[in-house]
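Chemist: Can you keep this structure in mind? I'll have questions shortly.
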Amino acid sequence: MFSIEERWSNWAGTFTTPKAMIYEPASIEEVSILIKQVTQKQQTIRAMGARHSFSGVAKPDDVGVSLTRMRGLIQLDKLKQEATFWAGTHLYEIGPLLEEHGYGLANMGDIDMQSLAGATSTGTHGTGITLGSLSSQVTRWGLVDGEGNYREVTREDPLAQSLHIGLGLFGIVVQITIKVVPVYGLAYESSRITVQDTLAQFQSIIETNRHAEWYYFPGQSQMQLKVMNAVPYEQLERQPTKPFDNFIENQVLQGMSSLCKRMPQTTSLVSKISAKAVPIGARQDVSYRIFASPRQVKFAECEYAMPLRYFEAFLEELHFTMSRELFHVHFPIECRTQKGEAGILSPTQQQDSAFFAFHMYKGMPYKRYFRYMDHLLQKYGGRAHFGKMNRYTRCELKKQYSDIDIFLTHQQQCDPNSVFMTEYMRKILI
């Protein structure tokens, strides 16, 4: 089993640790042996995914596990329309693997660098009011629990309600079976829309498009609207991503972000320029190539779900707040929707929901901005995404998640020695 001692950091650099032992097991047996060894030493162990969480959910204290050597498609059941993957498989690998067999995922987010285990353990989601998160597409988990035993959990098992967003607290997830659909394409369109038109047309837009998302530029009346709708795979008129669009979204954004970091007073001007430079256009391609976009500019992020009925009211208050220029922020605020889903720690709590994501360029101060938004969202029933930066405490979880005690009971059943309960997780849950 390959191992190395190294300084650990997540993608955004929001959580680091000076030294941790990182292991790369290549089999379920090696994962089991590792967990037993860690238990004997009275240490903790953390599955790290692809290190793309902004919170400390993947941060190891003593031992970290990377499943980079446990990747790929294991089995495809065409009758059930289910695919089983090794849990370390990256999302960007899943689309091509499934396309070879004529299948795809029903929905994805706009970043595909995460591992399948990490994405489904934290509630990674895309947009579309008729569609759930990646976690909702899982039908079976194969995991090695806190005593080193391999077990499989299906949706019929009561434990599934906790595993739905399990935060790596029930074991090292090594295999995931996920629902798939016949391969399809997406027609994508980007356009400009004002805040007022968004408020007036929101319900109509989400009801008439399979996927819709908005980007609100702080303090600006002009937004970007992206919609995507299904196209039969055999009728696709494929158009690759325009190099200029990627140039705008990455290289130009990087340059403007560096300017804002050096001269924070320019953020308002940069936001204004960005709103006017929204790319207009349309293209088609197989779904996974449309869902995800390259994200080369690093940032910190927090994100909140709220009941869908509050979308218009919150956007209106958000626009008023950001127009006052209380914060030096130029990154657009991402607005999406999701179908309500079961799961003890699902931030939707079974209600159709709107999601608002707030970003700050890496190296720029974000705490006051994020703290303000956290406070503002409380009156709208906002619940933070666990994979993004959040201010959760045990008391707060008790208020927002009525079945948290069931979650903790399940966790103790799977991990009686608390081998997965890292310092960060203790601060949230204990």
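Chains: A, B, ... in order of the structure tokens. Residues: from 1 per chain. Ligands: from 1, in order shown.
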Residues within 7 Å of Tyr304 of chain A, please, as a VMD selection string. Count only C-alpha atoms; anything in the same chain fewer than 6 positions from it doesn't count.
Modeler: chain A and resid 355 to 357 382 to 385
Chemist: Neighbours of segment 119-128 of chain A within 7 Å (only C-alpha atoms; same-chain residues fewer than 5 positions away dropped), as a list in words?
Modeler: Asn107, Met108, Gly109, Asp110, Gln114, Ser133, Leu134, Ser135, His164, Ile165, Gly166, Leu167, Gly168, Arg210, His211, Ala212, Glu213, Arg336, Thr337, Gln338, Phe386 and Gly387 of chain A
Chemist: Would you mind listing what lies within 10 Å of segment 185-189 of chain A as a PyMOL selection string, with only C-alpha atoms counted and same-chain residues fewer than 6 positions away left out?
Modeler: chain A and resi 104+210-212+225-239+279-291
Chemist: From the list A:Lys339, A:Arg391, A:Arg324, A:Arg295, which residue is nearest Pro218 of chain A when using only C-alpha atoms?
Modeler: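 Ranking A:Lys339, A:Arg391, A:Arg324, A:Arg295 by distance to Pro218 of chain A, first place goes to A:Arg324.
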Chemist: Would you mind reading off the distance between atom CA of Leu345 of chain A and atom CA of Ile172 of chain A, one decimal, in Å?
Modeler: 18.4 Å
Chemist: Report the closest atom pair, with its distance in Å rounded to one decimal, for each residue of segment 91-148 of chain A that has an atom no farther than 8 Å from segment 32-39 of chain A; count only C-alpha atoms, sort by chain and then rising residue number, and write it as a Markdown table.
Modeler:
| residue | atom | partner | partner_atom | distance |
| --- | --- | --- | --- | --- |
| A:Val144 | CA | A:Ser32 | CA | 6.3 |
| A:Gly146 | CA | A:Ile35 | CA | 6.8 |
| A:Glu147 | CA | A:Lys36 | CA | 6.5 |
| A:Gly148 | CA | A:Ser32 | CA | 4.4 |
Chemist: Include C-alpha atoms and write out the residues we just selected as a compact mmCIF listing (two decimals), in the first residue's frame.
Modeler:
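What landed in part15.txt:
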# COMPACT_ATOMS: atom_id res chain seq x y z
CA VAL A 144 -15.68 -0.50 5.15
CA GLY A 146 -15.14 1.59 11.72
CA GLU A 147 -14.31 -1.99 12.70
CA GLY A 148 -12.83 -2.84 9.32
Chemist: Which residues come within 12 Å of Ile28 of chain A, counting only C-alpha atoms, excluding same-chain residues fewer than 3 positions away, as a ChimeraX atom specification?
Modeler: /A:1,24-25,31-35,67,69-70,86-87,142-145,148-151,171-175
Chemist: At a cut-off of 10 Å, using only C-alpha atoms, what residues contact Pro182 of chain A? Leave out same-chain residues fewer than 2 positions from it and give the result as an NGL selection string.
Modeler: :A and (78 or 81 or 98-99 or 101-106 or 180 or 184 or 232-233)
